[in-house]
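Data block for final_8.txt (compact mmCIF, C-alpha atoms and all ligand atoms):
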```txt
# COMPACT_ATOMS: atom_id res chain seq x y z
CA MET A 12 -89.81 -256.48 77.40
CA THR A 13 -89.75 -252.71 76.88
CA ASP A 14 -92.33 -251.31 74.48
CA ASP A 15 -91.26 -247.71 74.04
CA ALA A 16 -87.60 -247.34 74.89
CA SER A 17 -86.30 -244.53 77.12
CA ILE A 18 -83.38 -242.59 75.68
CA TYR A 19 -80.74 -240.89 77.85
CA TYR A 20 -78.37 -238.05 77.00
CA ASP A 21 -75.36 -236.29 78.56
CA GLU A 22 -77.52 -234.26 80.95
CA ASP A 23 -79.02 -237.48 82.36
CA ALA A 24 -75.60 -238.83 83.41
CA GLN A 25 -73.70 -237.83 86.55
CA ARG A 26 -69.94 -237.93 86.28
CA SER A 27 -69.71 -238.36 90.05
CA GLN A 28 -71.04 -241.91 89.56
CA ILE A 29 -67.75 -242.97 87.93
CA GLU A 30 -65.06 -240.32 88.42
CA ASP A 31 -63.47 -241.83 91.53
CA LYS A 32 -63.78 -245.41 90.38
CA THR A 33 -61.25 -247.73 88.77
CA VAL A 34 -62.27 -249.60 85.65
CA ALA A 35 -60.70 -252.87 84.51
CA VAL A 36 -61.20 -253.37 80.79
CA LEU A 37 -60.74 -257.05 79.91
CA GLY A 38 -59.66 -257.43 76.28
CA TYR A 39 -58.13 -254.90 73.91
CA GLY A 40 -59.87 -255.77 70.65
CA SER A 41 -62.53 -253.85 68.77
CA GLN A 42 -64.56 -252.69 71.80
CA GLY A 43 -61.85 -253.00 74.45
CA HIS A 44 -59.36 -250.57 72.91
CA ALA A 45 -62.08 -247.96 72.36
CA HIS A 46 -63.67 -248.23 75.83
CA ALA A 47 -60.27 -248.14 77.54
CA GLN A 48 -58.94 -245.14 75.63
CA ASN A 49 -62.20 -243.17 75.82
CA LEU A 50 -62.44 -243.80 79.58
CA ALA A 51 -58.81 -242.75 80.06
CA ASP A 52 -59.31 -239.56 78.02
CA SER A 53 -62.37 -238.83 80.17
CA GLY A 54 -60.08 -238.86 83.20
CA ILE A 55 -61.11 -242.26 84.53
CA ASP A 56 -58.53 -244.61 86.08
CA VAL A 57 -58.35 -247.55 83.63
CA ARG A 58 -56.35 -250.74 83.52
CA VAL A 59 -56.40 -253.28 80.73
CA GLY A 60 -56.58 -257.00 81.47
CA LEU A 61 -54.90 -259.34 78.99
CA LYS A 62 -53.35 -262.74 79.37
CA GLU A 63 -49.56 -263.06 79.51
CA GLY A 64 -48.08 -263.14 76.02
CA SER A 65 -51.14 -261.55 74.37
CA SER A 66 -50.15 -259.58 71.29
CA SER A 67 -52.60 -256.85 72.36
CA ARG A 68 -50.48 -256.06 75.43
CA GLU A 69 -47.99 -253.99 73.49
CA ALA A 70 -50.76 -252.06 71.72
CA ALA A 71 -52.38 -251.13 75.04
CA ARG A 72 -49.03 -250.05 76.51
CA GLU A 73 -48.24 -247.99 73.42
CA ASP A 74 -51.56 -246.23 73.92
CA GLY A 75 -50.35 -245.26 77.40
CA LEU A 76 -52.43 -247.73 79.39
CA GLU A 77 -51.46 -249.87 82.34
CA VAL A 78 -51.73 -253.61 81.62
CA GLY A 79 -52.02 -256.68 83.83
CA THR A 80 -53.61 -260.10 83.75
CA PRO A 81 -57.43 -260.10 83.97
CA LYS A 82 -57.13 -261.26 87.59
CA GLU A 83 -54.60 -258.55 88.51
CA VAL A 84 -56.61 -255.67 87.07
CA ALA A 85 -59.94 -256.98 88.36
CA ALA A 86 -58.48 -257.13 91.88
CA GLY A 87 -58.30 -253.35 92.27
CA ALA A 88 -61.29 -252.42 90.15
CA ASP A 89 -64.73 -251.10 91.01
CA ILE A 90 -66.02 -251.84 87.52
CA VAL A 91 -64.92 -254.82 85.42
CA SER A 92 -65.80 -254.32 81.76
CA VAL A 93 -65.85 -257.71 80.05
CA LEU A 94 -64.76 -257.10 76.45
CA VAL A 95 -63.11 -260.36 75.42
CA PRO A 96 -64.87 -262.45 72.73
CA ASP A 97 -68.22 -263.85 73.89
CA THR A 98 -67.10 -267.48 73.53
CA ILE A 99 -64.11 -266.83 75.82
CA GLN A 100 -65.90 -264.78 78.48
CA PRO A 101 -66.91 -267.71 80.74
CA ALA A 102 -63.29 -268.90 81.02
CA VAL A 103 -61.97 -265.38 81.68
CA TYR A 104 -64.76 -264.82 84.22
CA GLU A 105 -63.52 -267.85 86.17
CA GLN A 106 -60.13 -266.13 86.51
CA ILE A 107 -61.61 -262.93 87.97
CA GLU A 108 -64.65 -264.21 89.88
CA GLU A 109 -62.99 -264.22 93.30
CA GLU A 110 -61.79 -260.63 92.85
CA LEU A 111 -65.36 -259.30 92.73
CA GLU A 112 -66.27 -257.48 95.92
CA PRO A 113 -69.74 -256.50 97.10
CA GLY A 114 -70.84 -253.35 95.27
CA ASN A 115 -68.51 -253.88 92.31
CA THR A 116 -69.91 -253.91 88.79
CA LEU A 117 -69.66 -256.42 86.00
CA GLN A 118 -70.15 -254.48 82.79
CA PHE A 119 -70.86 -256.04 79.36
CA ALA A 120 -71.28 -254.94 75.74
CA HIS A 121 -73.47 -257.92 74.82
CA GLY A 122 -75.82 -260.03 76.91
CA PHE A 123 -75.20 -263.59 75.67
CA ASN A 124 -73.31 -265.05 78.64
CA ILE A 125 -75.49 -263.46 81.30
CA HIS A 126 -78.78 -264.14 79.54
CA TYR A 127 -77.95 -267.79 78.83
CA ASN A 128 -76.43 -268.32 82.32
CA GLN A 129 -72.88 -269.01 81.12
CA ILE A 130 -71.70 -266.44 83.67
CA LYS A 131 -73.47 -266.47 87.05
CA PRO A 132 -72.38 -263.41 89.03
CA PRO A 133 -72.76 -263.24 92.81
CA GLU A 134 -75.88 -261.45 94.04
CA ASP A 135 -73.99 -258.58 95.65
CA VAL A 136 -72.54 -257.07 92.45
CA ASP A 137 -74.21 -254.87 89.85
CA VAL A 138 -74.50 -256.35 86.37
CA THR A 139 -74.94 -253.80 83.60
CA MET A 140 -74.56 -253.32 79.87
CA ILE A 141 -73.44 -250.42 77.72
CA ALA A 142 -73.40 -251.77 74.17
CA PRO A 143 -72.27 -249.24 71.58
CA LYS A 144 -74.09 -249.72 68.30
CA THR A 145 -70.89 -249.47 66.25
CA PRO A 146 -67.62 -251.35 66.05
CA GLY A 147 -64.92 -250.07 68.37
CA HIS A 148 -62.87 -248.09 65.87
CA LEU A 149 -65.89 -245.83 65.21
CA LEU A 150 -66.60 -245.50 68.95
CA ARG A 151 -63.02 -244.28 69.33
CA ARG A 152 -63.04 -242.03 66.27
CA ASN A 153 -66.36 -240.40 67.22
CA TYR A 154 -65.05 -239.71 70.72
CA GLU A 155 -61.93 -238.04 69.33
CA ASN A 156 -64.05 -235.93 66.96
CA ASP A 157 -66.35 -234.77 69.81
CA GLU A 158 -69.16 -236.78 68.30
CA GLY A 159 -71.31 -239.38 69.99
CA THR A 160 -72.01 -243.05 69.38
CA PRO A 161 -75.48 -244.43 70.18
CA ALA A 162 -75.54 -247.30 72.64
CA LEU A 163 -77.89 -249.65 74.47
CA LEU A 164 -78.10 -249.66 78.26
CA ALA A 165 -79.41 -252.52 80.39
CA VAL A 166 -79.35 -253.49 84.04
CA TYR A 167 -79.52 -257.20 84.83
CA GLN A 168 -78.80 -256.94 88.53
CA ASP A 169 -78.95 -253.84 90.73
CA ALA A 170 -77.25 -254.72 94.01
CA THR A 171 -76.27 -251.15 94.93
CA GLY A 172 -79.45 -249.37 93.88
CA GLU A 173 -77.28 -247.24 91.59
CA ALA A 174 -76.46 -249.65 88.79
CA LYS A 175 -78.27 -247.67 86.12
CA GLU A 176 -76.79 -244.34 87.20
CA GLU A 177 -73.29 -245.83 87.09
CA ALA A 178 -73.90 -247.41 83.67
CA LEU A 179 -75.08 -244.02 82.36
CA ALA A 180 -71.90 -242.41 83.70
CA TYR A 181 -69.85 -245.13 81.98
CA GLY A 182 -71.80 -244.43 78.78
CA GLN A 183 -71.03 -240.75 79.16
CA ALA A 184 -67.32 -241.42 79.72
CA ILE A 185 -67.02 -243.43 76.48
CA GLY A 186 -68.98 -240.77 74.55
CA CYS A 187 -72.32 -242.53 74.10
CA THR A 188 -74.70 -240.19 75.94
CA ARG A 189 -73.59 -237.46 73.51
CA ALA A 190 -75.63 -239.30 70.87
CA GLY A 191 -78.20 -241.09 73.02
CA VAL A 192 -78.35 -244.26 75.09
CA VAL A 193 -81.43 -246.43 74.61
CA GLU A 194 -82.66 -248.52 77.53
CA THR A 195 -83.32 -252.22 76.97
CA THR A 196 -82.93 -255.49 78.88
CA PHE A 197 -80.26 -258.21 78.65
CA ARG A 198 -82.93 -260.51 77.24
CA GLU A 199 -84.13 -258.10 74.56
CA GLU A 200 -80.61 -257.09 73.49
CA THR A 201 -79.39 -260.69 73.28
CA GLU A 202 -82.40 -262.14 71.50
CA THR A 203 -82.83 -259.34 68.98
CA ASP A 204 -79.07 -259.36 68.27
CA LEU A 205 -79.00 -263.09 67.58
CA PHE A 206 -82.23 -263.06 65.57
CA GLY A 207 -81.07 -260.08 63.51
CA GLU A 208 -77.72 -261.56 62.58
CA GLN A 209 -79.20 -264.98 61.79
CA ALA A 210 -82.41 -264.14 59.95
CA VAL A 211 -81.64 -260.80 58.33
CA LEU A 212 -78.18 -259.28 58.55
CA CYS A 213 -75.65 -262.08 58.10
CA GLY A 214 -77.56 -265.28 57.42
CA GLY A 215 -80.62 -263.93 55.63
CA ILE A 216 -78.75 -261.59 53.32
CA ALA A 217 -76.04 -264.13 52.42
CA SER A 218 -78.67 -266.73 51.51
CA LEU A 219 -80.73 -264.19 49.56
CA ILE A 220 -77.63 -263.27 47.56
CA LYS A 221 -76.59 -266.89 46.92
CA GLN A 222 -80.10 -267.97 45.89
CA GLY A 223 -80.43 -265.00 43.55
CA TYR A 224 -77.00 -265.65 42.06
CA GLU A 225 -77.70 -269.36 41.56
CA THR A 226 -81.10 -268.68 40.00
CA LEU A 227 -79.53 -266.46 37.34
CA VAL A 228 -76.49 -268.69 36.68
CA ASP A 229 -78.62 -271.86 36.49
CA ALA A 230 -80.83 -270.08 33.93
CA GLY A 231 -77.75 -269.50 31.72
CA TYR A 232 -76.79 -265.93 32.59
CA SER A 233 -73.14 -265.10 33.10
CA PRO A 234 -71.71 -265.42 36.62
CA GLN A 235 -70.28 -261.92 36.29
CA MET A 236 -73.70 -260.38 35.60
CA ALA A 237 -75.23 -262.44 38.40
CA TYR A 238 -72.54 -261.21 40.81
CA PHE A 239 -73.10 -257.57 39.91
CA GLU A 240 -76.89 -257.78 40.17
CA CYS A 241 -77.15 -259.87 43.33
CA LEU A 242 -74.12 -258.88 45.41
CA ASN A 243 -72.27 -255.82 44.20
CA GLU A 244 -75.35 -253.59 43.95
CA MET A 245 -76.42 -254.58 47.45
CA LYS A 246 -74.19 -251.91 48.98
CA LEU A 247 -75.75 -249.11 46.93
CA ILE A 248 -79.22 -250.19 47.99
CA VAL A 249 -78.33 -250.64 51.65
CA ASP A 250 -76.60 -247.24 51.73
CA LEU A 251 -79.85 -245.63 50.53
CA MET A 252 -81.83 -247.40 53.27
CA TYR A 253 -79.25 -246.44 55.89
CA GLU A 254 -79.50 -242.77 54.86
CA ASP A 255 -83.27 -242.43 54.54
CA GLY A 256 -85.01 -245.68 55.32
CA LEU A 257 -86.89 -247.87 52.86
CA GLY A 258 -88.57 -244.75 51.47
CA GLY A 259 -85.20 -243.24 50.58
CA MET A 260 -84.39 -246.40 48.64
CA TRP A 261 -87.73 -246.55 46.82
CA ASP A 262 -87.42 -242.85 45.93
CA SER A 263 -83.98 -243.33 44.41
CA VAL A 264 -84.57 -246.38 42.23
CA SER A 265 -86.48 -246.22 38.93
CA ASP A 266 -90.27 -246.50 38.91
CA THR A 267 -89.85 -249.85 37.16
CA ALA A 268 -87.58 -251.11 39.97
CA GLU A 269 -89.98 -249.74 42.56
CA TYR A 270 -93.08 -251.33 41.04
CA GLY A 271 -91.37 -254.69 40.40
CA GLY A 272 -89.82 -254.66 43.84
CA LEU A 273 -93.09 -253.82 45.58
CA THR A 274 -94.96 -256.59 43.74
CA GLN A 275 -92.30 -259.35 43.73
CA GLY A 276 -90.46 -258.87 47.04
CA ASP A 277 -93.18 -260.63 49.01
CA VAL A 278 -93.37 -263.37 46.37
CA VAL A 279 -89.78 -264.31 47.21
CA ILE A 280 -89.80 -263.65 50.95
CA ASP A 281 -93.28 -265.07 51.46
CA ASP A 282 -95.32 -266.36 54.41
CA HIS A 283 -93.22 -269.52 54.41
CA ALA A 284 -90.05 -267.48 54.89
CA ARG A 285 -91.83 -265.63 57.68
CA GLU A 286 -92.69 -268.92 59.39
CA ASN A 287 -89.04 -269.96 59.08
CA MET A 288 -88.04 -266.67 60.71
CA GLU A 289 -90.39 -267.39 63.59
CA GLN A 290 -88.70 -270.77 64.06
CA VAL A 291 -85.30 -269.11 64.11
CA LEU A 292 -86.58 -266.68 66.74
CA GLU A 293 -88.00 -269.52 68.81
CA ALA A 294 -84.65 -271.33 68.84
CA VAL A 295 -83.07 -268.10 70.09
CA GLN A 296 -85.75 -267.55 72.74
CA ASP A 297 -85.85 -271.08 74.15
CA GLY A 298 -82.06 -271.38 74.27
CA THR A 299 -81.77 -274.08 71.57
CA PHE A 300 -79.39 -271.99 69.50
CA ALA A 301 -77.28 -271.00 72.52
CA ARG A 302 -76.92 -274.63 73.65
CA GLU A 303 -75.96 -275.70 70.12
CA TRP A 304 -73.34 -272.95 69.80
CA ILE A 305 -71.85 -273.63 73.23
CA ALA A 306 -71.63 -277.38 72.45
CA GLU A 307 -70.11 -276.63 69.03
CA ASN A 308 -67.35 -274.61 70.72
CA GLN A 309 -66.75 -277.27 73.35
CA ALA A 310 -66.37 -279.86 70.57
CA GLY A 311 -63.71 -277.76 68.80
CA ARG A 312 -66.06 -276.25 66.19
CA PRO A 313 -66.39 -279.23 63.75
CA SER A 314 -69.57 -278.11 61.91
CA TYR A 315 -68.58 -274.46 62.02
CA THR A 316 -65.28 -275.27 60.31
CA GLN A 317 -67.08 -277.20 57.56
CA LEU A 318 -69.71 -274.53 57.01
CA ARG A 319 -67.05 -271.85 56.79
CA GLN A 320 -65.17 -273.82 54.17
CA ALA A 321 -68.31 -274.51 52.10
CA GLU A 322 -69.12 -270.80 52.10
CA LYS A 323 -65.57 -269.96 50.95
CA ASP A 324 -65.87 -272.54 48.17
CA HIS A 325 -69.10 -271.05 46.73
CA GLU A 326 -68.57 -269.99 43.11
CA ILE A 327 -69.74 -266.44 43.83
CA GLU A 328 -66.60 -265.89 45.92
CA ALA A 329 -64.17 -266.67 43.08
CA VAL A 330 -66.19 -264.62 40.60
CA GLY A 331 -66.39 -261.77 43.08
CA ALA A 332 -62.67 -261.76 43.86
CA GLU A 333 -61.91 -261.34 40.14
CA LEU A 334 -64.45 -258.59 39.63
CA ARG A 335 -63.58 -256.68 42.77
CA ALA A 336 -60.04 -256.30 41.44
CA LEU A 337 -61.59 -254.02 38.79
CA PHE A 338 -62.78 -251.78 41.61
CA ALA A 339 -59.37 -251.41 43.26
CA TRP A 340 -59.89 -247.65 43.49
CA ALA A 341 -62.77 -248.21 45.91
CA GLU A 342 -60.76 -250.40 48.27
CA GLU A 343 -59.43 -247.73 50.58
CA GLU A 344 -62.87 -246.32 51.27
CA THR A 345 -64.42 -249.74 51.82
CA GLU A 346 -61.78 -250.77 54.36
CA ASP A 347 -62.39 -247.56 56.22
CA GLU A 348 -66.13 -248.15 56.35
CA GLN A 349 -65.86 -251.78 57.35
CA GLU A 350 -68.08 -252.66 60.28
CA LYS A 351 -68.38 -255.88 62.19
CA VAL A 352 -71.74 -257.34 63.14
CA THR A 353 -71.23 -259.14 66.40
P1 LIG B 401 -62.47 -258.77 69.77
O1 LIG B 401 -62.46 -260.15 69.22
O2 LIG B 401 -62.27 -257.63 68.84
O3 LIG B 401 -61.34 -258.59 70.89
C1 LIG B 401 -61.05 -259.57 71.81
C2 LIG B 401 -59.93 -259.14 72.76
O4 LIG B 401 -59.91 -260.10 73.81
C3 LIG B 401 -58.56 -259.13 72.13
O5 LIG B 401 -57.85 -258.03 72.64
C4 LIG B 401 -57.92 -260.41 72.66
O6 LIG B 401 -56.55 -260.26 72.84
C5 LIG B 401 -58.59 -260.54 74.02
N1 LIG B 401 -58.59 -261.92 74.50
C6 LIG B 401 -58.84 -263.04 73.81
N2 LIG B 401 -58.73 -264.12 74.61
C7 LIG B 401 -58.41 -263.66 75.84
C8 LIG B 401 -58.14 -264.28 77.09
N3 LIG B 401 -58.20 -265.61 77.23
N4 LIG B 401 -57.85 -263.48 78.15
C9 LIG B 401 -57.81 -262.14 78.03
N5 LIG B 401 -58.04 -261.49 76.86
C10 LIG B 401 -58.32 -262.26 75.78
O7 LIG B 401 -63.83 -258.61 70.61
P2 LIG B 401 -64.97 -257.53 70.39
O8 LIG B 401 -65.56 -257.67 69.04
O9 LIG B 401 -64.47 -256.20 70.84
O10 LIG B 401 -66.08 -258.08 71.42
C11 LIG B 401 -66.03 -257.80 72.80
C12 LIG B 401 -67.46 -257.69 73.31
O11 LIG B 401 -68.10 -256.57 72.71
C13 LIG B 401 -68.31 -258.91 72.98
O12 LIG B 401 -69.20 -259.14 74.04
C14 LIG B 401 -69.09 -258.43 71.76
O13 LIG B 401 -70.33 -259.10 71.58
C15 LIG B 401 -69.30 -256.98 72.12
N6 LIG B 401 -69.60 -256.06 71.02
C16 LIG B 401 -68.78 -256.01 69.93
C17 LIG B 401 -69.03 -255.10 68.93
C18 LIG B 401 -68.13 -254.99 67.72
O14 LIG B 401 -68.49 -254.29 66.80
N7 LIG B 401 -66.98 -255.66 67.67
C19 LIG B 401 -70.13 -254.21 69.02
C20 LIG B 401 -70.91 -254.25 70.16
C21 LIG B 401 -70.63 -255.17 71.16
MG MG B 402 -70.49 -250.60 91.50
MG MG B 403 -79.84 -253.25 38.42
MG MG B 404 -82.47 -252.02 37.01
MG MG B 405 -74.20 -260.56 67.68
```
Please rewrite the model in this file as structure tokens.
Amino acid sequence: MTDDASIYYDEDAQRSQIEDKTVAVLGYGSQGHAHAQNLADSGIDVRVGLKEGSSSREAAREDGLEVGTPKEVAAGADIVSVLVPDTIQPAVYEQIEEELEPGNTLQFAHGFNIHYNQIKPPEDVDVTMIAPKTPGHLLRRNYENDEGTPALLAVYQDATGEAKEEALAYGQAIGCTRAGVVETTFREETETDLFGEQAVLCGGIASLIKQGYETLVDAGYSPQMAYFECLNEMKLIVDLMYEDGLGGMWDSVSDTAEYGGLTQGDVVIDDHARENMEQVLEAVQDGTFAREWIAENQAGRPSYTQLRQAEKDHEIEAVGAELRALFAWAEEETEDEQEKVT
């Protein structure tokens, strides 16, 4: 695992590592549309791979890109960028596997399938990752505005001896070295990504909000007040942290909020919660979570479907929908800022 990460910029990337190569971008969703268009605008020969009948085909063609099946576009490509959903990648990989020639590159934006051996590439291809740290629409918008998007870089397999140099050139072509590309490993990217979304970002925060809401409502306070305090204000607080770290948040809230927060935060998220986090991390590290998720998909997602429904049925959702209607003026901005944690 890397301790202090190396960061690479435009001057560290050589365009010659990619300029004469053909890139097959598989998928035209959030990441796919942005990678494909940024590569094309950087003068790289790009083709988009989508299955017959995919509704994304028309979008890619309208954006001026050549489209074929994943197998067709992989056949002529030096670099195959795998940007279909993670759960679908193994099946799509099967379609393109025999098109990989020695010295080609399999390029990813997340390490799950490589790290957990759901895709097992031949030894004679490079396996790399450029994972932009934003959803695709921001990667595209930043590129068009001559701004950069930070990304992670990792090399899983270096068959050619130039895997990292080529990945850096790919990062440059999609606009990431303008901002900075941080080196990591497939293992570190995958495990920190899963832990983060489970313990803190998606799972942790949703449970914190629900427990806070239920505590207030069960004590007789109005659901509307509980919603405002535990969910609606979350954005204001997170925005402050995003701008200036925890210190920026503590500086901006009242002294009363700061003192109460500093004394009571660790009462709520205590050593027991920390032990639970360590268990969550262990299940990520030893592959328990990955096996469970793969089996859940193979079984047609029975628990996932139930859990989704239960979350939709939580009272806070109905209360929130009513109250958010009062904030209709904020809708446009929120939609624009929407980001997807993947
Ligand atoms: P997405 O769900 O937005 O897009 C999926 C695309 O794949 C769509 O164009 C769809 O038409 C296509 N597709 C679906 N099934 C297919 C099939 N059988 N054959 C061919 N194409 C098919 O996906 P995404 O969020 O862009 O994720 C792509 C990769 O990028 C994933 O590895 C993800 O972890 C990673 N990533 C995503 C983000 C993000 O913010 N969305 C950020 C960083 C990394
Ligand atoms: Mg190569
Ligand atoms: Mg308050
Ligand atoms: Mg207050
Ligand atoms: Mg993720």
Given 9 Å and all atoms listed in the file, residues near ligand MG 404 (chain B) as a list in words: Glu240, Val264, Ser265, Thr267 and Ala268 of chain A
Residue neighbourhood Glu173 (chain A), 9 Å, only C-alpha atoms, exclusion window fewer than 5 positions, as a list of chain:residue names: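 Those residues are A:Gln28, A:Asp137, A:Ala178.
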Would you mind exporting C-alpha atoms of the selected residues as a PDB file, in the frame of the given file?
```pdb
ATOM      1  CA  GLN A  28     -71.040-241.910  89.560  1.00  0.00           C
ATOM      2  CA  ASP A 137     -74.210-254.870  89.850  1.00  0.00           C
ATOM      3  CA  ALA A 178     -73.900-247.410  83.670  1.00  0.00           C
TER       4      ALA A 178
END
```
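Using only C-alpha atoms, the smallest distance between any of A:Val330, A:Ile305, A:Val291, A:Val211 and Tyr238 (chain A) comes from A:Val330.
Straight-line separation from CA of Asn153 (chain A) to CA of Val57 (chain A): 19.6 Å.
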Pick from A:Ile99, A:Met245, A:Leu111, A:Ile185 nearest to ligand LIG 401 (chain B), counting only C-alpha atoms and all ligand atoms: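 Ranking A:Ile99, A:Met245, A:Leu111, A:Ile185 by distance to ligand LIG 401 (chain B), first place goes to A:Ile99.
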Neighbouring residues of Val91 (chain A) were defined as those with any atom within 6 Å, considering all atoms listed in the file; residues of the same chain fewer than 5 positions away were excluded. Please report them as a compact mmCIF listing (two decimals) with C-alpha atoms, in the coordinates of the input.
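Result file follows (part31.txt):
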```
# COMPACT_ATOMS: atom_id res chain seq x y z
CA VAL A 34 -62.27 -249.60 85.65
CA ALA A 35 -60.70 -252.87 84.51
CA LEU A 117 -69.66 -256.42 86.00
CA GLN A 118 -70.15 -254.48 82.79
```
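Separating CA of Thr98 (chain A) from CA of Asn49 (chain A) is a distance of 24.9 Å.
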Shell of 7 Å around ligand LIG 401 (chain B) (only C-alpha atoms and all ligand atoms), written as JSON, numbers by chain: {"A": [37, 38, 39, 40, 41, 42, 43, 60, 61, 62, 65, 66, 67, 81, 93, 94, 95, 96, 97, 99, 103, 119, 120, 121, 142, 143, 144, 145, 146, 147, 350, 351, 352, 353]}
Å distance separating CA of Gln48 (chain A) from CA of Arg198 (chain A), one decimal place: 28.5 Å
Which of A:Ile107, A:Asp266, A:Thr33, A:Ile327 sits closest to Gly87 (chain A) [using all atoms listed in the file]: A:Thr33
Leu242 (chain A) environment, 12 Å, only C-alpha atoms, sequence neighbours closer than 5 positions dropped, as a PyMOL selection string: chain A and resi 216-225+234-237+247-249+327-328+330-332+334-335
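Residues in contact range of Thr188 (chain A), defined as at most 12 Å between all atoms listed in the file, with sequence neighbours fewer than 6 positions away removed, read Ile18, Tyr19, Tyr20, Asp21, Glu22, Asp23, Ala24, Gln25, Arg26, Ile141, Ala142, Pro143, Leu150, Tyr154, Asp157, Glu158, Gly159, Thr160, Pro161, Ala162, Leu163, Leu164, Ala178, Leu179, Ala180, Tyr181, Gly182 and Glu194 of chain A.
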Set the distance at 12 Å and use only C-alpha atoms: which residues neighbour Val138 (chain A) once local chain neighbours fewer than 3 positions away are removed? I'd like the list as a tab-separated table (two decimals) with C-alpha atoms, in the frame of the given file.
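Written out: around35.tsv:
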```tsv
chain	number	residue	atom	x	y	z
A	90	ILE	CA	-66.02	-251.84	87.52
A	91	VAL	CA	-64.92	-254.82	85.42
A	92	SER	CA	-65.80	-254.32	81.76
A	93	VAL	CA	-65.85	-257.71	80.05
A	111	LEU	CA	-65.36	-259.30	92.73
A	113	PRO	CA	-69.74	-256.50	97.10
A	114	GLY	CA	-70.84	-253.35	95.27
A	115	ASN	CA	-68.51	-253.88	92.31
A	116	THR	CA	-69.91	-253.91	88.79
A	117	LEU	CA	-69.66	-256.42	86.00
A	118	GLN	CA	-70.15	-254.48	82.79
A	119	PHE	CA	-70.86	-256.04	79.36
A	120	ALA	CA	-71.28	-254.94	75.74
A	121	HIS	CA	-73.47	-257.92	74.82
A	122	GLY	CA	-75.82	-260.03	76.91
A	124	ASN	CA	-73.31	-265.05	78.64
A	125	ILE	CA	-75.49	-263.46	81.30
A	126	HIS	CA	-78.78	-264.14	79.54
A	130	ILE	CA	-71.70	-266.44	83.67
A	131	LYS	CA	-73.47	-266.47	87.05
A	132	PRO	CA	-72.38	-263.41	89.03
A	133	PRO	CA	-72.76	-263.24	92.81
A	134	GLU	CA	-75.88	-261.45	94.04
A	135	ASP	CA	-73.99	-258.58	95.65
A	141	ILE	CA	-73.44	-250.42	77.72
A	164	LEU	CA	-78.10	-249.66	78.26
A	165	ALA	CA	-79.41	-252.52	80.39
A	166	VAL	CA	-79.35	-253.49	84.04
A	167	TYR	CA	-79.52	-257.20	84.83
A	168	GLN	CA	-78.80	-256.94	88.53
A	169	ASP	CA	-78.95	-253.84	90.73
A	170	ALA	CA	-77.25	-254.72	94.01
A	171	THR	CA	-76.27	-251.15	94.93
A	172	GLY	CA	-79.45	-249.37	93.88
A	173	GLU	CA	-77.28	-247.24	91.59
A	174	ALA	CA	-76.46	-249.65	88.79
A	175	LYS	CA	-78.27	-247.67	86.12
A	177	GLU	CA	-73.29	-245.83	87.09
A	178	ALA	CA	-73.90	-247.41	83.67
A	196	THR	CA	-82.93	-255.49	78.88
A	197	PHE	CA	-80.26	-258.21	78.65
```
Protein, DNA and RNA residues within 12 Å of (-57.7, -247.0, 86.4), only C-alpha atoms, as a ChimeraX atom specification: /A:29-36,47-48,50-60,75-79,84-92
